[in-house]
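Single-structure report; data block below.
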Amino acid sequence: MKKWTVPSALFLLCLLFLLPDQGRRIHANAEGDVEDAGNPPKVEEKLGAVPNGLSTDSDVAKREAESMSKKTFRANAEKFEFQAEVSRLMDIIINSLYSNKDIFLRELISNASDALDKIRFLSLTDKEVFGEGDNTKLEIMIKLDKEKKILSIRDRGIGMTKEDLIKNLGTIAKSGTSAFVEKMQTSGDLNLIGQFGVGFYSVYLVADYVEVISKHNDDKQYVWESQADGSFAISEDEWNEPLGRGTEIRLHLREEAGEYLDEYKLKDLVKKYSEFINFPIYLWASKTVDKEVPADEDESGDEEDTSETSTSEEEGEEEKEEEAEKKPKTKKITETTYEWELLNNVKAIWLRNPKEVTDEEYIKFYHLLAKDFSDEKPMAWSHFTAEGDVEFKAVLFVPPRAPHDLYESYYNSNKSNLKLYVRRVFISDEFDELLPKYLNFLKGLVDSDTLPLNVSREMLQQHSSLKTIKKKLIRKALDMIRKIADEDPDESSDKDKKDVDSADEDDKKGQYTKFWNEFGKSIKLGIIEDAANRNRLAKLLRFETSKSDGKLTSLDQYISRMKSGQKDIFYITGTSKEQLEKSPFLERLTKKNYEVIFFTDPVDEYLMQYLMDYEDKKFQNVSKEGLKLGKDSKDKELKESFKELIKWWKSALAKDNVDDVKISNRLADTPCVVVTSKFGWSANMERIMKSQTLTDAAKQSYMRGKRVLEINPRHPIIKELRERVATDPEDESVKQTAQLMYQTALMESGFMLDDPKDFASRIYSSVKTSLNIGPDATVEEEEDAEEVETETDAKEASTTKGETEDLKDEL
């Protein structure tokens, strides 16, 4: 036994001496890896990214295998408890804050951007914090491991010490960014993201195990790990390759989160949420390429045998083949390669001075933002910076054409074409608070530095700053639309035209007409919905008139053409311009050279209920009561002479709910018309409401305007009717004529008859009288020929059926 004691002791001593040396070799290898990181492969160097920070060699993979497979804390890790209980944390994140799992990538990229912002800020006073080589490259790198189901996000930011990892990732209430802002708030303006400290925990929406590897300039490299089970662990990193500086987050994805291992899914998410982050974002993406490789020996041997058996007559060809044989034989194969692909190559032009951005850049940016791949350019754009209590930058565009479903789901859709960014991070495009619905056709974005990067759309909607942003956006949007009209040569008169470039004038000619045809209904809806901006929107209204010759006219242009002494703006509503031009309501107005506005859109009826006046001018519907065209000296005489007829006619129409019969001041060639009371529905509005699917006829009766029959005292029919009534007021034929005239006036005035059959009967009676057919004449009764024919048809059908059955029997 003693003879083995001495050799054993010597063996143990040798082991003790060898172990420290092995440790020094490992340390030397780590330092060598750092030096090698400064010389990446050429392809990756050209793209400005180094894969070393996101890759592992076989030894590292072997060391990690046990821990990764079991997803347990490392043996030498120091364990901590979360300051907030995990059940409450997960309930807040999953149920209250994050309804969309995709947001986790936005939060991680935002945190990486924070870290890069911090190190860049520190470098302003201390250039050495950047270090050397790859550490000077401020970038974000994303890499996938589909086999292990690991998603990694790496940045070269400021990194975290051990104390930072405990403090920033162990509690909800505090984050590194918040502490950094508090410390440096007097040193400068930090456009940093994520001051709420909850963004990181969104990783547990898609991952069940998370590792955070971080290296700060003032500390060693540490690994933070947790399964969100109430605890986390931190250990000095002896397994992974040195980062140099920065942080790498590894997400071990859940089974149901496998979609995030798809490169195309990640590309879409980055372009949706983080397209305008101020640092380059790279993805380790696969690429299929064709490659020339040496051909197999068997194939080249076959080619040599073929050349040896060639005949002597083909000596020239043999020489060529011999020369070709001297070159190596190759073949094409397809293989998959990987390289860093830049995902956010769109420049944030709204951060630049508008004077430095060209029209071509705006147009290109619009196509990218709106995902509009047509050749059409936007009608107009507005790029501005708002300062004051709330600071933000915005770019708004008027699209070249309206979407086909713009008004189909106007009140049901929450989606807006205006995107909200906070410090270049996409928050949402479903904010009704940013722009009202009537401006939801505009496309663009708002980027605010004063708004918080809050964790949910619902919480941010309640922020008081949104009201200020909305007010400024509406004003700028309306100014932009007004500018389209101001720059359109068709909109200005000859005296208002200024010297402009002819090419520019041709480009802008007819632009506002195009805008109105596409989005005019939105302006009308704005007048209905937005009382604060009603007058500004009214200036943008366009319509045809009785004097516009088919061109669009504004209210300002109408007022400039008003007759002296005219106090009201005259308009009429109907289904088409052609119908309105023939309306009896315009007869006297046309003769007196008054201009009348034509409103032919159904929404115009609602519009005029809200637009009561403009520039101290009242609107007057010429189909309603209250039309004033100046006083006539013979008015009193006419009223007196037709007093009996008016009284008699009103009594005859009592059952038709006619409120009154009056002498008309609007008719010239028509005997009579039916007008409505000033504040009731017009004939056109009644027609619109009756056509509604879910209309209630009982409730409509309250809104119908009182009907007034206006007669033309100069018309021969009315004069003759007055004489007949004076002679015999009980004459039945006179009563029938009066009733027929009223029903005809109803139709001509745009109303729908309650009893079309009664109207038709009166017309036929009138025709009989004109043809001298007696009122007792009856319709000749029909003979029984139809019944005979019916019996004959039955016999024929029976015969045909029998023949068909006989034919079937023969077959």
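How things are named: the first chain in the structure tokens is A, the next is B, and so on; residues count from 1 in each chain; ligands count from 1 in the order shown.
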
- Item | Selection near Ala77 of chain A, 9 Å with only C-alpha atoms, sequence-local residues under 5 positions removed, as a PyMOL selection string | chain A and resi 223-224+233-236

Residues of segment 625-718 of chain A that approach segment 584-600 of chain A to 7 Å or less, counting only C-alpha atoms: could you list each one with the shortest pair of atoms and its distance in Å to one decimal, rows by chain and increasing residue number, as CSV?
```
residue,atom,partner,partner_atom,distance
A:Arg666,CA,A:Arg588,CA,4.9
A:Leu667,CA,A:Arg588,CA,5.4
A:Ala668,CA,A:Arg588,CA,5.5
A:Thr670,CA,A:Pro584,CA,6.4
```

- Write out as a VMD selection string each polymer residue whose atoms come within 12 Å of Glu128 of chain A, counting only C-alpha atoms; drop sequence neighbours fewer than 6 positions from it. chain A and resid 119 to 120 122 135 to 136 217

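Shortest separation to Asp754 of chain A among A:Asn657, A:Ser664, A:Thr125, A:Ser465 occurs at residue A:Asn657, atoms counted being only C-alpha atoms.
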
- State, in Å with one decimal place, the distance from atom CA of Glu259 of chain A to atom CA of Lys143 of chain A.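 Straight-line distance from atom CA of Glu259 of chain A to atom CA of Lys143 of chain A works out to 14.3 Å.
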
- Find the residues around Arg704 of chain A up to 10 Å (only C-alpha atoms counted), leave out those fewer than 5 positions away in its own chain, and share them as a list in words. Thr676, Ser677, Phe679, Gly680, Trp681, Ser682, Ala683, Met685, Glu686 and Lys699 of chain A

Those same residues, written as a short mmCIF file (atom, residue, chain, number, x, y, z; two decimals), in the first residue's frame with all heavy atoms?
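Ended up saving to result_18.cif:
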```cif
data_model
loop_
_atom_site.label_atom_id
_atom_site.label_comp_id
_atom_site.auth_asym_id
_atom_site.auth_seq_id
_atom_site.Cartn_x
_atom_site.Cartn_y
_atom_site.Cartn_z
N THR A 676 -91.55 73.78 -48.91
CA THR A 676 -91.62 73.29 -47.53
C THR A 676 -91.27 74.42 -46.57
O THR A 676 -90.70 75.44 -46.97
CB THR A 676 -90.66 72.11 -47.32
OG1 THR A 676 -89.34 72.51 -47.67
CG2 THR A 676 -91.07 70.92 -48.16
N SER A 677 -91.55 74.19 -45.30
CA SER A 677 -91.23 75.18 -44.28
C SER A 677 -89.71 75.29 -44.15
O SER A 677 -88.96 74.38 -44.50
CB SER A 677 -91.85 74.79 -42.94
OG SER A 677 -91.45 73.48 -42.57
N PHE A 679 -87.50 75.17 -41.77
CA PHE A 679 -86.69 74.29 -40.93
C PHE A 679 -87.09 72.82 -41.03
O PHE A 679 -86.64 72.00 -40.24
CB PHE A 679 -86.77 74.75 -39.46
CG PHE A 679 -86.27 76.15 -39.25
CD1 PHE A 679 -87.16 77.20 -39.06
CD2 PHE A 679 -84.92 76.43 -39.29
CE1 PHE A 679 -86.70 78.49 -38.87
CE2 PHE A 679 -84.44 77.73 -39.10
CZ PHE A 679 -85.34 78.76 -38.90
N GLY A 680 -87.90 72.48 -41.99
CA GLY A 680 -88.26 71.08 -42.20
C GLY A 680 -87.43 70.47 -43.32
O GLY A 680 -86.57 71.11 -43.92
N TRP A 681 -87.70 69.21 -43.59
CA TRP A 681 -87.00 68.54 -44.69
C TRP A 681 -87.44 69.11 -46.02
O TRP A 681 -88.61 69.44 -46.23
CB TRP A 681 -87.31 67.05 -44.68
CG TRP A 681 -86.60 66.28 -43.60
CD1 TRP A 681 -85.54 66.70 -42.85
CD2 TRP A 681 -86.89 64.95 -43.18
NE1 TRP A 681 -85.15 65.73 -41.98
CE2 TRP A 681 -85.97 64.63 -42.15
CE3 TRP A 681 -87.84 64.01 -43.54
CZ2 TRP A 681 -85.96 63.41 -41.51
CZ3 TRP A 681 -87.85 62.79 -42.90
CH2 TRP A 681 -86.91 62.49 -41.90
N SER A 682 -86.52 69.17 -46.94
CA SER A 682 -86.86 69.51 -48.31
C SER A 682 -87.39 68.26 -49.01
O SER A 682 -87.35 67.15 -48.46
CB SER A 682 -85.62 70.03 -49.04
OG SER A 682 -84.65 69.00 -49.16
N ALA A 683 -87.88 68.44 -50.23
CA ALA A 683 -88.38 67.28 -51.00
C ALA A 683 -87.25 66.28 -51.23
O ALA A 683 -87.46 65.06 -51.15
CB ALA A 683 -88.96 67.77 -52.32
N MET A 685 -84.62 65.77 -49.33
CA MET A 685 -84.29 65.11 -48.07
C MET A 685 -85.33 64.04 -47.74
O MET A 685 -84.98 62.96 -47.23
CB MET A 685 -84.22 66.14 -46.95
CG MET A 685 -83.69 65.58 -45.63
SD MET A 685 -81.98 64.99 -45.81
CE MET A 685 -81.60 64.60 -44.09
N GLU A 686 -86.59 64.31 -48.01
CA GLU A 686 -87.63 63.30 -47.80
C GLU A 686 -87.35 62.06 -48.63
O GLU A 686 -87.50 60.92 -48.16
CB GLU A 686 -89.00 63.88 -48.17
CG GLU A 686 -89.65 64.69 -47.06
CD GLU A 686 -91.12 64.95 -47.34
OE1 GLU A 686 -91.75 64.12 -48.03
OE2 GLU A 686 -91.64 65.97 -46.87
N LYS A 699 -91.68 58.02 -37.22
CA LYS A 699 -90.81 59.08 -36.70
C LYS A 699 -90.52 60.13 -37.77
O LYS A 699 -90.27 61.29 -37.45
CB LYS A 699 -89.50 58.48 -36.20
CG LYS A 699 -89.67 57.61 -34.96
CD LYS A 699 -88.33 57.06 -34.49
CE LYS A 699 -88.52 56.20 -33.24
NZ LYS A 699 -87.23 55.64 -32.76
#
```

- Message: As an exercise, work out the distance from atom CA of Ala777 of chain A to atom CA of Glu723 of chain A in Å and give it to one decimal place.
- Response: 28.9 Å

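By only C-alpha atoms, and with residues fewer than 5 positions from segment 508-510 of chain A along its chain excluded, the set lying at most 12 Å from it is Pro378, Met379, Ala380, Lys483, Ile484, Ala485, Asp486, Glu487, Asp488, Pro489, Asp490, Glu491, Ser492, Val500, Asp501, Ser502, Ala503, Phe515, Trp516, Asn517, Lys551 and Leu552 of chain A.
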
- Minimum-distance residue to Pro280 of chain A, chosen among A:Leu116, A:Ile333, A:Ile213, A:Leu439 (using only C-alpha atoms):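 Nearest candidate to Pro280 of chain A out of A:Leu116, A:Ile333, A:Ile213, A:Leu439: A:Leu116.
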
- Residues near Leu420 of chain A, cut-off 7 Å, only C-alpha atoms, skip fewer than 2 positions along chain, as a ChimeraX atom specification: /A:418,422,426-429,445-447

Can those selected residues be exported to a file as a short mmCIF file (atom, residue, chain, number, x, y, z; two decimals), in the first residue's frame so that it contains all heavy atoms?
```
data_model
loop_
_atom_site.label_atom_id
_atom_site.label_comp_id
_atom_site.auth_asym_id
_atom_site.auth_seq_id
_atom_site.Cartn_x
_atom_site.Cartn_y
_atom_site.Cartn_z
N LEU A 418 -52.23 57.68 -40.59
CA LEU A 418 -51.21 58.49 -39.94
C LEU A 418 -50.55 57.66 -38.85
O LEU A 418 -51.23 57.17 -37.95
CB LEU A 418 -51.84 59.76 -39.34
CG LEU A 418 -50.88 60.86 -38.92
CD1 LEU A 418 -50.15 61.42 -40.13
CD2 LEU A 418 -51.61 61.96 -38.19
N VAL A 422 -42.61 57.64 -31.58
CA VAL A 422 -42.00 58.34 -30.45
C VAL A 422 -40.51 58.05 -30.52
O VAL A 422 -40.09 56.91 -30.38
CB VAL A 422 -42.59 57.88 -29.10
CG1 VAL A 422 -41.85 58.55 -27.95
CG2 VAL A 422 -44.07 58.22 -29.03
N PHE A 426 -42.12 53.19 -33.94
CA PHE A 426 -43.54 53.13 -34.29
C PHE A 426 -44.37 52.70 -33.09
O PHE A 426 -44.06 51.70 -32.43
CB PHE A 426 -43.74 52.15 -35.45
CG PHE A 426 -45.19 51.92 -35.80
CD1 PHE A 426 -45.93 52.92 -36.38
CD2 PHE A 426 -45.79 50.70 -35.53
CE1 PHE A 426 -47.26 52.71 -36.71
CE2 PHE A 426 -47.11 50.48 -35.85
CZ PHE A 426 -47.85 51.49 -36.44
N ILE A 427 -45.43 53.47 -32.80
CA ILE A 427 -46.32 53.14 -31.68
C ILE A 427 -47.62 52.54 -32.19
O ILE A 427 -48.01 51.44 -31.82
CB ILE A 427 -46.62 54.39 -30.83
CG1 ILE A 427 -45.30 54.97 -30.29
CG2 ILE A 427 -47.55 54.06 -29.68
CD1 ILE A 427 -44.53 54.02 -29.41
N SER A 428 -48.31 53.26 -33.07
CA SER A 428 -49.60 52.76 -33.56
C SER A 428 -50.06 53.60 -34.74
O SER A 428 -49.59 54.71 -34.97
CB SER A 428 -50.65 52.80 -32.45
OG SER A 428 -51.90 52.34 -32.92
N ASP A 429 -51.01 53.04 -35.51
CA ASP A 429 -51.67 53.80 -36.58
C ASP A 429 -53.19 53.78 -36.37
O ASP A 429 -53.96 53.90 -37.30
CB ASP A 429 -51.32 53.23 -37.95
CG ASP A 429 -51.69 51.77 -38.10
OD1 ASP A 429 -52.24 51.21 -37.12
OD2 ASP A 429 -51.45 51.18 -39.16
N LEU A 445 -46.81 60.71 -40.99
CA LEU A 445 -46.38 60.27 -39.67
C LEU A 445 -46.11 61.47 -38.78
O LEU A 445 -45.89 62.59 -39.24
CB LEU A 445 -45.14 59.38 -39.76
CG LEU A 445 -43.87 59.94 -40.40
CD1 LEU A 445 -43.06 60.74 -39.40
CD2 LEU A 445 -43.03 58.81 -40.96
N VAL A 446 -46.15 61.19 -37.49
CA VAL A 446 -45.82 62.16 -36.46
C VAL A 446 -44.77 61.53 -35.56
O VAL A 446 -44.94 60.39 -35.11
CB VAL A 446 -47.07 62.55 -35.63
CG1 VAL A 446 -46.69 63.52 -34.53
CG2 VAL A 446 -48.13 63.15 -36.52
N ASP A 447 -43.70 62.26 -35.30
CA ASP A 447 -42.62 61.76 -34.44
C ASP A 447 -42.42 62.78 -33.32
O ASP A 447 -42.00 63.91 -33.56
CB ASP A 447 -41.34 61.59 -35.24
CG ASP A 447 -40.25 60.87 -34.42
OD1 ASP A 447 -40.48 60.62 -33.23
OD2 ASP A 447 -39.19 60.58 -34.98
#
```

- Item | Near-segment 400-410 of chain A list (9 Å; only C-alpha atoms; drop same-chain fewer than 4 positions) as a PyMOL selection string | chain A and resi 376-380+414+437-438+440-441+514-515+518-519+521-522

Kindly export the residues of the current selection with C-alpha atoms, as a tab-separated table (two decimals), in the first residue's frame.
```tsv
chain	number	residue	atom	x	y	z
A	376	GLU	CA	-48.40	58.69	-59.38
A	377	LYS	CA	-46.97	61.24	-57.01
A	378	PRO	CA	-48.86	62.72	-54.04
A	379	MET	CA	-50.92	65.84	-54.74
A	380	ALA	CA	-49.24	67.77	-51.93
A	414	ASN	CA	-60.30	52.61	-36.35
A	437	LYS	CA	-62.06	60.83	-39.24
A	438	TYR	CA	-62.78	63.28	-42.04
A	440	ASN	CA	-58.24	59.96	-42.44
A	441	PHE	CA	-57.44	59.95	-46.15
A	514	LYS	CA	-58.81	66.43	-58.97
A	515	PHE	CA	-58.56	66.69	-55.20
A	518	GLU	CA	-61.44	62.34	-54.91
A	519	PHE	CA	-61.85	63.75	-51.39
A	521	LYS	CA	-66.97	64.40	-49.49
A	522	SER	CA	-64.42	64.38	-46.65
```

- Query: How many Å lie between atom CA of Glu356 of chain A and atom CA of Phe384 of chain A, rounded to one decimal?
  - Reply: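 Atom CA of Phe384 of chain A lies 12.6 Å from atom CA of Glu356 of chain A.
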
- Query: Out of segment 514-715 of chain A, which residues get strand (DSSP E) from DSSP, as number ranges by chain?
  - Reply: A: 544-545, 568-573, 597-599, 613-614, 617-621, 658-663, 672-676, 707-711

- Query: Nearest to Ser548 of chain A among A:Asn353, A:Lys137, A:Asn684, A:Lys577, with distances taken over only C-alpha atoms: which residue is it?
  - Reply: A:Lys577

- Task: Pull the alpha helix (DSSP H) assignments for segment 367-506 of chain A out of DSSP run on the backbone, and list those residues as a ChimeraX atom specification.
- Result: /A:367-370,457-461,465-487,502-506

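Among the candidate residues A:Ser448, A:Val293, A:Leu629, A:Ala652, the one lying nearest to Glu732 of chain A is A:Ala652, with distances computed using only C-alpha atoms.
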
- Task: Using only C-alpha atoms, find the one residue out of A:Gly520, A:Glu255, A:Leu709, A:Pro452 that sits nearest to Lys148 of chain A.
- Result: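 With only C-alpha atoms as the atom set, the closest residue is A:Glu255.
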
- Item | Nearest to Thr385 of chain A, chosen from A:Asp568, A:Asp601, A:Asp659, A:Asp449, with only C-alpha atoms counted in the distances | A:Asp449
